[in-house]
$ cat start-v6.cif   # mmCIF, C-alpha atoms
data_my_file
#
loop_
_atom_site.label_atom_id
_atom_site.label_comp_id
_atom_site.auth_asym_id
_atom_site.auth_seq_id
_atom_site.Cartn_x
_atom_site.Cartn_y
_atom_site.Cartn_z
CA MET A 1 104.01 82.51 66.82
CA PHE A 2 103.76 86.29 67.20
CA ASN A 3 101.57 88.30 64.90
CA THR A 4 103.88 91.31 64.33
CA LYS A 5 101.21 93.24 62.44
CA LYS A 6 98.73 92.83 65.27
CA ILE A 7 101.33 93.85 67.89
CA PHE A 8 102.30 96.94 65.90
CA SER A 9 98.66 97.92 65.40
CA SER A 10 98.04 97.43 69.13
CA PHE A 11 101.09 99.56 69.99
CA LYS A 12 99.91 102.28 67.60
CA LYS A 13 96.44 102.27 69.18
CA SER A 14 97.96 102.50 72.69
CA PHE A 15 100.34 105.30 71.71
CA LEU A 16 97.50 107.25 70.10
CA GLY A 17 95.39 106.72 73.24
CA ILE A 18 98.13 108.24 75.40
CA ALA A 19 98.74 111.07 72.91
CA VAL A 20 95.03 112.03 72.88
CA ASN A 21 94.95 112.06 76.68
CA PHE A 22 98.27 113.86 77.11
CA PRO A 23 96.82 117.43 77.23
CA ILE A 24 94.64 116.50 80.21
CA ILE A 25 97.54 114.81 82.02
CA LEU A 26 99.69 117.89 81.36
CA GLY A 27 96.85 120.06 82.70
CA VAL A 28 96.70 118.05 85.93
CA ILE A 29 100.51 118.22 86.30
CA LEU A 30 100.39 122.01 85.85
CA LEU A 31 97.60 122.24 88.47
CA LEU A 32 99.70 120.18 90.87
CA GLY A 33 102.59 122.60 90.27
CA VAL A 34 100.38 125.58 91.19
CA PHE A 35 99.08 123.74 94.21
CA LYS A 36 102.55 122.83 95.49
CA SER A 37 103.94 126.33 95.18
CA PHE A 38 100.89 128.22 96.50
CA ILE A 39 99.97 126.06 99.52
CA ASN A 40 102.25 125.84 102.53
CA LEU A 41 102.16 122.24 103.76
CA ASN A 42 104.23 123.12 106.85
CA LYS A 43 101.32 125.02 108.37
CA VAL A 44 98.78 122.18 108.26
CA ALA A 45 98.62 121.89 112.07
CA LEU A 46 97.11 125.39 112.23
CA TYR A 47 93.93 124.17 110.52
CA PHE A 48 93.06 121.77 113.35
CA SER A 49 90.94 122.94 116.28
CA GLY A 50 91.32 120.29 118.98
CA ASN A 51 87.72 119.11 118.56
CA LEU A 52 87.82 115.36 117.81
CA PHE A 53 84.88 115.22 115.35
CA LYS A 54 85.71 118.49 113.63
CA ASP A 55 89.39 117.54 113.32
CA THR A 56 88.58 114.17 111.75
CA PHE A 57 86.49 115.95 109.13
CA ILE A 58 89.19 118.60 108.62
CA GLY A 59 91.78 115.82 108.28
CA SER A 60 89.75 114.19 105.50
CA PHE A 61 89.10 117.52 103.84
CA LEU A 62 92.77 118.58 103.83
CA GLY A 63 93.89 115.13 102.71
CA SER A 64 91.42 115.37 99.82
CA ILE A 65 92.69 118.67 98.51
CA PHE A 66 96.38 117.99 99.07
CA ALA A 67 98.17 115.93 96.48
CA GLY A 68 101.59 114.52 95.81
CA ASN A 69 103.83 111.79 97.14
CA PRO A 70 102.14 109.88 100.02
CA SER A 71 105.39 110.04 102.01
CA ASN A 72 104.65 113.77 102.48
CA SER A 73 101.39 112.84 104.20
CA TYR A 74 103.32 110.57 106.60
CA ILE A 75 105.77 113.38 107.41
CA ILE A 76 102.91 115.84 108.01
CA GLY A 77 101.02 113.14 109.95
CA GLU A 78 103.97 112.64 112.28
CA GLU A 79 104.20 116.41 112.83
CA LEU A 80 100.48 116.49 113.64
CA LEU A 81 100.99 113.63 116.10
CA LYS A 82 103.70 115.67 117.83
CA ASN A 83 101.23 118.58 118.01
CA ASP A 84 98.75 116.35 119.90
CA ILE A 85 96.27 116.18 117.02
CA SER A 86 94.04 113.12 117.45
CA LEU A 87 94.91 109.86 115.68
CA PHE A 88 91.41 109.90 114.12
CA ALA A 89 92.25 113.18 112.34
CA ILE A 90 95.72 112.03 111.29
CA THR A 91 94.44 108.69 109.95
CA SER A 92 91.63 110.36 108.01
CA PHE A 93 94.19 112.83 106.65
CA ILE A 94 96.65 110.21 105.35
CA ALA A 95 93.83 107.98 104.05
CA ALA A 96 92.16 110.85 102.15
CA TRP A 97 95.53 111.97 100.77
CA VAL A 98 95.88 108.72 98.80
CA THR A 99 92.25 107.84 98.10
CA VAL A 100 90.60 111.17 97.27
CA GLY A 101 91.95 113.43 94.55
CA ILE A 102 90.15 116.71 94.05
CA VAL A 103 92.88 118.07 91.74
CA GLN A 104 92.58 114.95 89.56
CA ILE A 105 88.76 115.04 89.29
CA PRO A 106 88.72 116.84 85.88
CA ALA A 107 91.07 114.22 84.44
CA GLU A 108 89.25 111.31 86.09
CA ALA A 109 85.93 112.65 84.76
CA THR A 110 87.30 112.82 81.22
CA PHE A 111 88.33 109.18 81.34
CA PHE A 112 85.48 107.57 83.29
CA GLY A 113 82.65 110.10 83.30
CA ILE A 114 81.79 112.92 85.68
CA LYS A 115 79.27 110.83 87.65
CA PHE A 116 81.82 108.10 88.33
CA SER A 117 84.57 110.48 89.42
CA ILE A 118 82.32 112.49 91.74
CA VAL A 119 80.63 109.42 93.28
CA ARG A 120 83.97 107.63 93.70
CA ASN A 121 85.61 110.62 95.37
CA ILE A 122 82.62 111.24 97.68
CA ILE A 123 82.63 107.58 98.77
CA ALA A 124 86.41 107.70 99.28
CA PHE A 125 86.00 110.88 101.35
CA ILE A 126 83.37 109.24 103.58
CA PHE A 127 85.51 106.11 103.82
CA SER A 128 88.53 108.14 104.96
CA ILE A 129 86.48 109.17 108.01
CA VAL A 130 85.03 105.68 108.55
CA ILE A 131 88.44 104.04 108.12
CA SER A 132 89.99 106.37 110.71
CA ILE A 133 87.33 105.33 113.24
CA VAL A 134 87.71 101.62 112.41
CA ILE A 135 91.52 101.75 112.57
CA VAL A 136 91.68 103.61 115.88
CA LEU A 137 89.05 101.27 117.35
CA THR A 138 90.99 98.22 116.11
CA LEU A 139 94.20 99.66 117.57
CA GLY A 140 92.42 100.24 120.88
CA TYR A 141 91.09 96.68 120.86
CA ILE A 142 94.49 95.13 120.11
CA THR A 143 96.72 97.23 122.37
CA MET B 1 91.99 109.77 63.79
CA LYS B 2 88.43 108.67 64.58
CA LYS B 3 85.74 111.32 65.15
CA LYS B 4 85.26 110.22 68.79
CA LYS B 5 88.99 110.54 69.51
CA ARG B 6 89.18 113.93 67.77
CA LYS B 7 86.26 115.16 69.91
CA LYS B 8 88.04 113.92 73.03
CA LEU B 9 91.31 115.58 72.01
CA THR B 10 89.44 118.89 71.54
CA LYS B 11 87.89 118.56 75.02
CA ASN B 12 91.30 117.76 76.53
CA LEU B 13 92.91 120.72 74.78
CA ILE B 14 90.16 123.00 76.14
CA PHE B 15 90.98 121.78 79.67
CA LEU B 16 94.68 122.45 79.09
CA GLY B 17 93.79 125.90 77.73
CA ILE B 18 91.82 126.68 80.92
CA VAL B 19 94.81 125.64 83.06
CA ILE B 20 97.12 127.85 80.97
CA LEU B 21 94.66 130.74 81.49
CA ILE B 22 94.83 130.10 85.26
CA TYR B 23 98.64 130.29 85.01
CA ILE B 24 98.51 133.57 83.08
CA THR B 25 96.05 135.09 85.58
CA LEU B 26 98.07 133.95 88.61
CA GLY B 27 101.24 135.13 86.84
CA PHE B 28 99.93 138.69 87.02
CA ILE B 29 99.25 138.25 90.76
CA ASN B 30 102.47 136.48 91.77
CA PHE B 31 104.97 135.87 89.00
CA ASN B 32 107.60 134.24 91.25
CA LYS B 33 105.19 131.56 92.45
CA ILE B 34 104.07 130.79 88.91
CA GLU B 35 107.71 130.46 87.89
CA LYS B 36 108.15 128.02 90.79
CA SER B 37 104.95 126.19 89.73
CA LEU B 38 106.36 125.68 86.24
CA LEU B 39 109.57 124.30 87.69
CA VAL B 40 107.65 121.91 89.98
CA SER B 41 105.45 120.83 87.05
CA LYS B 42 108.51 120.22 84.88
CA ASN B 43 109.98 117.96 87.59
CA ILE B 44 106.70 116.04 87.93
CA LEU B 45 106.48 115.66 84.14
CA PHE B 46 109.99 114.21 83.89
CA MET B 47 109.14 111.82 86.73
CA VAL B 48 105.93 110.70 84.99
CA LEU B 49 107.26 110.29 81.42
CA PRO B 50 108.99 106.91 82.01
CA ILE B 51 105.77 105.61 83.56
CA PHE B 52 103.96 106.35 80.30
CA LEU B 53 106.30 103.90 78.60
CA ILE B 54 105.22 101.17 81.06
CA VAL B 55 101.56 102.14 80.53
CA ILE B 56 101.95 101.94 76.71
CA ILE B 57 103.49 98.46 77.04
CA PHE B 58 100.61 97.34 79.32
CA MET B 59 98.04 98.84 76.95
CA THR B 60 99.66 97.13 73.96
CA LEU B 61 99.50 93.77 75.75
CA ILE B 62 95.92 94.35 76.91
CA ASN B 63 94.86 95.26 73.38
CA LEU B 64 96.02 91.82 72.29
CA VAL B 65 93.79 90.09 74.85
CA PRO B 66 90.26 89.32 73.58
CA ASN B 67 87.51 91.40 75.24
CA LYS B 68 85.62 88.31 76.38
CA ILE B 69 88.58 87.30 78.58
CA ILE B 70 88.76 90.73 80.24
CA LYS B 71 84.99 90.69 80.72
CA LYS B 72 85.14 87.17 82.15
CA TYR B 73 87.87 87.95 84.69
CA LEU B 74 87.26 91.64 85.46
CA GLY B 75 83.67 92.27 84.41
CA ARG B 76 80.62 92.84 86.61
CA ASP B 77 79.81 89.16 86.90
CA SER B 78 83.33 87.92 87.43
CA LYS B 79 84.36 86.00 90.52
CA VAL B 80 86.17 86.87 93.78
CA ILE B 81 89.52 86.55 92.03
CA SER B 82 88.66 89.64 89.95
CA TRP B 83 88.68 91.82 93.09
CA LEU B 84 92.08 90.45 94.02
CA MET B 85 93.35 91.12 90.50
CA ALA B 86 92.06 94.71 90.66
CA ILE B 87 93.71 95.20 94.07
CA LEU B 88 97.01 93.72 92.92
CA GLY B 89 96.88 95.95 89.84
CA GLY B 90 96.35 98.99 92.04
CA VAL B 91 99.05 98.06 94.54
CA PHE B 92 101.69 97.39 91.91
CA SER B 93 100.88 100.20 89.46
CA HIS B 94 103.82 102.48 90.02
CA GLY B 95 103.72 106.28 89.75
CA PRO B 96 100.92 108.84 89.90
CA ILE B 97 97.38 107.67 89.27
CA TYR B 98 96.68 109.94 86.29
CA ALA B 99 99.41 108.11 84.34
CA TRP B 100 97.27 104.96 84.59
CA TYR B 101 93.91 106.49 83.56
CA SER B 102 94.48 105.66 79.86
CA PHE B 103 95.20 102.03 80.74
CA LEU B 104 92.08 101.77 82.91
CA GLU B 105 89.97 103.45 80.22
CA GLU B 106 91.20 100.82 77.77
CA MET B 107 90.34 98.10 80.30
CA GLU B 108 86.85 99.53 80.77
CA GLN B 109 86.27 99.57 77.01
CA LYS B 110 87.28 95.92 76.97
CA GLY B 111 84.82 94.97 79.71
CA MET B 112 86.34 95.75 83.14
CA SER B 113 83.56 96.88 85.49
CA LYS B 114 83.49 100.35 87.01
CA GLY B 115 83.56 98.71 90.44
CA ARG B 116 86.86 96.97 89.67
CA ILE B 117 88.23 100.30 88.38
CA ALA B 118 87.23 101.96 91.66
CA THR B 119 88.89 99.11 93.58
CA PHE B 120 92.05 99.49 91.47
CA LEU B 121 92.10 103.25 92.19
CA TYR B 122 91.40 102.84 95.91
CA SER B 123 93.93 100.06 96.49
CA ARG B 124 96.67 102.31 95.14
CA ALA B 125 96.64 103.69 98.67
CA ILE B 126 98.49 100.53 99.72
CA LYS B 127 102.06 101.59 99.03
CA ILE B 128 104.39 98.63 99.51
CA PRO B 129 107.64 100.58 98.83
CA LEU B 130 106.58 103.12 101.49
CA LEU B 131 105.75 100.55 104.18
CA PRO B 132 109.15 100.87 105.97
CA LEU B 133 108.72 104.66 106.04
CA MET B 134 105.20 104.34 107.41
CA VAL B 135 106.40 101.89 110.08
CA SER B 136 109.13 104.32 111.13
CA PHE B 137 106.56 107.12 111.53
CA PHE B 138 103.54 105.32 112.99
CA GLY B 139 104.76 101.90 114.15
CA ILE B 140 104.25 98.41 112.79
CA THR B 141 100.84 97.80 114.42
CA PHE B 142 99.26 100.93 112.97
CA THR B 143 100.79 100.28 109.53
CA PHE B 144 99.54 96.70 109.48
CA ILE B 145 95.99 97.58 110.58
CA TYR B 146 95.84 100.61 108.26
CA ASN B 147 96.75 98.55 105.19
CA ILE B 148 94.46 95.65 106.06
CA TRP B 149 91.50 98.05 106.33
CA LEU B 150 92.47 99.79 103.08
CA PHE B 151 92.37 96.37 101.43
CA VAL B 152 88.88 95.68 102.83
CA PHE B 153 87.53 99.14 101.97
CA SER B 154 88.85 98.96 98.41
CA ILE B 155 86.56 95.96 97.82
CA ILE B 156 83.62 97.63 99.60
CA GLN B 157 84.01 100.72 97.41
CA GLY B 158 84.13 98.58 94.28
CA LEU B 159 80.95 96.75 95.31
CA ILE B 160 79.13 100.05 95.99
CA ILE B 161 80.27 101.51 92.65
CA ASP B 162 79.10 98.38 90.82
CA LEU B 163 75.72 98.71 92.55
CA ILE B 164 75.41 102.37 91.53
CA PHE B 165 76.59 101.86 87.94
CA LYS B 166 74.37 98.95 87.05
CA GLU B 167 74.20 99.46 83.28
CA ASN B 168 75.63 96.67 81.21
CA LYS B 169 77.45 97.64 78.06
CA ASN B 170 77.63 95.36 75.08
CA TYR B 171 81.28 94.88 74.38
CA GLU B 172 82.44 93.90 70.98
CA ASP B 173 84.73 90.94 70.92
CA ASN B 174 88.00 91.46 69.08
#

$ encode --input "start-v6.cif" --output "structure tokens"
Amino acid sequence: MFNTKKIFSSFKKSFLGIAVNFPIILGVILLLGVFKSFINLNKVALYFSGNLFKDTFIGSFLGSIFAGNPSNSYIIGEELLKNDISLFAITSFIAAWVTVGIVQIPAEATFFGIKFSIVRNIIAFIFSIVISIVIVLTLGYIT
Amino acid sequence: MKKKKRKKLTKNLIFLGIVILIYITLGFINFNKIEKSLLVSKNILFMVLPIFLIVIIFMTLINLVPNKIIKKYLGRDSKVISWLMAILGGVFSHGPIYAWYSFLEEMEQKGMSKGRIATFLYSRAIKIPLLPLMVSFFGITFTFIYNIWLFVFSIIQGLIIDLIFKENKNYEDN
């Protein structure tokens, strides 16, 4: 029923695929390490100005360069909310955090091509702003 | 190892070399922070390693599926269900995204469209295990609306990417 030879050959191909790509993954992990120890996430609120449009853009921008577990973006988002930062800015921040990955671009480009990774990240960046507007408007409409 | 793979490995090693150079340079500026960076990286690496096992299993299974089936269900001309499959893949792919790049690359070589890949990557923003945490921070209404819009925008992004990357590759059937 099972073709053992085919399964083994498929496993070998997959393992080799991961092994070839491991240096780039390790590179991204090392970059994330630098990022996490050099950037102070607790001071994010200082980057916001109080201007609605500017803050939404800043939110997307910061979310794009920050990386790591999304739960961190929720914690920072809640802190921003307490600091009276607009919901547009907070939403764009948490959306960009999970959809745009500037640190991962070199790795993404190696796998799918530089054009794809740049175009995808630019669209995701724009969408993080659009999505913040749409979400806040929907919230306003419902509540 | 095939010539194409060897070329890719060389490129990847060059990237890793550049990152190591960055570490050495920053080490001269602030050694303590670089030490901390290495510790953080080590923790991330140990967190990611088990995910590679899952990815290898998925890749092994996908390699056994004929290309024409992948192309039929996840290719450019596939139906609505393909978007749902890409979204479900993104939502349920655990761990950091870079751990799944090899799997997606394999899928692309087998016929998955770039648009579906973009949708997969975007829909990873929908984090089901983190929903309770999000609700506790922002409330149930916000969480619900946020995730519904992420779902919608993941399809829109996929459609745009498919429009931009129109070229059709000829995939060999295995």

$ interface_residues --input "start-v6.cif" --of "chain B" --to "chain A" --cutoff "7 Å" --atoms "all atoms listed in the file" --output "PyMOL selection string"
chain B and resi 9+12-13+15-16+19+33-34+36-38+40-41+44-45+56+59-60+63-64+98+101-102+105+118+122+125+134+137+142+145-146+149

$ atom_distance --input "start-v6.cif" --atom1 "atom CA of Ile133 of chain A" --atom2 "atom CA of Leu87 of chain A"
9.2 Å

$ atom_distance --input "start-v6.cif" --atom1 "atom CA of Ser60 of chain A" --atom2 "atom CA of Ile85 of chain A"
13.4 Å

$ resolve_selection --input "start-v6.cif" --expression "the PyMOL selection byres ((chain B and resi 164) around 12)" --output "PyMOL selection string"
(chain A and resi 115-116+119-120+123) or (chain B and resi 76+113-115+118+157-163+165-168)

$ atom_distance --input "start-v6.cif" --atom1 "atom CA of Met107 of chain B" --atom2 "atom CA of Gly113 of chain A"
14.6 Å

$ resolve_selection --input "start-v6.cif" --expression "the PyMOL selection byres ((chain B and resi 52) around 10)" --output "short mmCIF file (atom, residue, chain, number, x, y, z; two decimals) with C-alpha atoms, in the frame of the given file"
data_model
loop_
_atom_site.label_atom_id
_atom_site.label_comp_id
_atom_site.auth_asym_id
_atom_site.auth_seq_id
_atom_site.Cartn_x
_atom_site.Cartn_y
_atom_site.Cartn_z
CA PHE A 15 100.34 105.30 71.71
CA ILE A 18 98.13 108.24 75.40
CA PHE A 22 98.27 113.86 77.11
CA MET B 47 109.14 111.82 86.73
CA VAL B 48 105.93 110.70 84.99
CA LEU B 49 107.26 110.29 81.42
CA PRO B 50 108.99 106.91 82.01
CA ILE B 51 105.77 105.61 83.56
CA LEU B 53 106.30 103.90 78.60
CA ILE B 54 105.22 101.17 81.06
CA VAL B 55 101.56 102.14 80.53
CA ILE B 56 101.95 101.94 76.71
CA ILE B 57 103.49 98.46 77.04
CA PHE B 58 100.61 97.34 79.32
CA GLY B 95 103.72 106.28 89.75
CA ALA B 99 99.41 108.11 84.34
CA TRP B 100 97.27 104.96 84.59
CA SER B 102 94.48 105.66 79.86
CA PHE B 103 95.20 102.03 80.74
#

$ residues_around --input "start-v6.cif" --residues "Ser86 of chain A" --least-positions-apart "5" --cutoff "8 Å" --atoms "all atoms listed in the file" --output "list in words"
Gly50, Leu52, Asp55, Thr56 and Leu81 of chain A

$ residues_around --input "start-v6.cif" --residues "Ile58 of chain A" --least-positions-apart "4" --cutoff "7 Å" --atoms "only C-alpha atoms" --output "PyMOL selection string"
chain A and resi 48+54+62

$ resolve_selection --input "start-v6.cif" --expression "the PyMOL selection byres ((chain B and resi 69) around 12)" --output "tab-separated table (two decimals) with C-alpha atoms, keeping the file's coordinate frame"
chain	number	residue	atom	x	y	z
B	62	ILE	CA	95.92	94.35	76.91
B	63	ASN	CA	94.86	95.26	73.38
B	64	LEU	CA	96.02	91.82	72.29
B	65	VAL	CA	93.79	90.09	74.85
B	66	PRO	CA	90.26	89.32	73.58
B	67	ASN	CA	87.51	91.40	75.24
B	68	LYS	CA	85.62	88.31	76.38
B	70	ILE	CA	88.76	90.73	80.24
B	71	LYS	CA	84.99	90.69	80.72
B	72	LYS	CA	85.14	87.17	82.15
B	73	TYR	CA	87.87	87.95	84.69
B	74	LEU	CA	87.26	91.64	85.46
B	75	GLY	CA	83.67	92.27	84.41
B	78	SER	CA	83.33	87.92	87.43
B	82	SER	CA	88.66	89.64	89.95
B	107	MET	CA	90.34	98.10	80.30
B	110	LYS	CA	87.28	95.92	76.97
B	111	GLY	CA	84.82	94.97	79.71
B	112	MET	CA	86.34	95.75	83.14
B	171	TYR	CA	81.28	94.88	74.38
B	172	GLU	CA	82.44	93.90	70.98
B	173	ASP	CA	84.73	90.94	70.92
B	174	ASN	CA	88.00	91.46	69.08

$ axis_aligned_box --input "start-v6.cif" --around "segment 131-145 of chain B" --padding-each-side "5 Å" --output "lines of an AutoDock Vina configuration file"
center_x = 102.6
center_y = 101.9
center_z = 109.3
size_x = 23.2
size_y = 20.4
size_z = 20.2

$ residues_around --input "start-v6.cif" --residues "Ala86 of chain B" --least-positions-apart "5" --cutoff "9 Å" --atoms "all atoms listed in the file" --output "ChimeraX atom specification"
/B:74,81,91,116-121,123

$ residues_near_point --input "start-v6.cif" --point "(99.4, 125.3, 111.6)" --cutoff "12 Å" --atoms "all atoms listed in the file" --output "PDB file with C-alpha atoms, in the coordinates of the input"
ATOM      1  CA  ASN A  40     102.250 125.840 102.530  1.00  0.00           C
ATOM      2  CA  LEU A  41     102.160 122.240 103.760  1.00  0.00           C
ATOM      3  CA  ASN A  42     104.230 123.120 106.850  1.00  0.00           C
ATOM      4  CA  LYS A  43     101.320 125.020 108.370  1.00  0.00           C
ATOM      5  CA  VAL A  44      98.780 122.180 108.260  1.00  0.00           C
ATOM      6  CA  ALA A  45      98.620 121.890 112.070  1.00  0.00           C
ATOM      7  CA  LEU A  46      97.110 125.390 112.230  1.00  0.00           C
ATOM      8  CA  TYR A  47      93.930 124.170 110.520  1.00  0.00           C
ATOM      9  CA  PHE A  48      93.060 121.770 113.350  1.00  0.00           C
ATOM     10  CA  SER A  49      90.940 122.940 116.280  1.00  0.00           C
ATOM     11  CA  ILE A  76     102.910 115.840 108.010  1.00  0.00           C
ATOM     12  CA  GLU A  79     104.200 116.410 112.830  1.00  0.00           C
ATOM     13  CA  LEU A  80     100.480 116.490 113.640  1.00  0.00           C
ATOM     14  CA  ASN A  83     101.230 118.580 118.010  1.00  0.00           C
ATOM     15  CA  ILE A  85      96.270 116.180 117.020  1.00  0.00           C
TER      16      ILE A  85
END
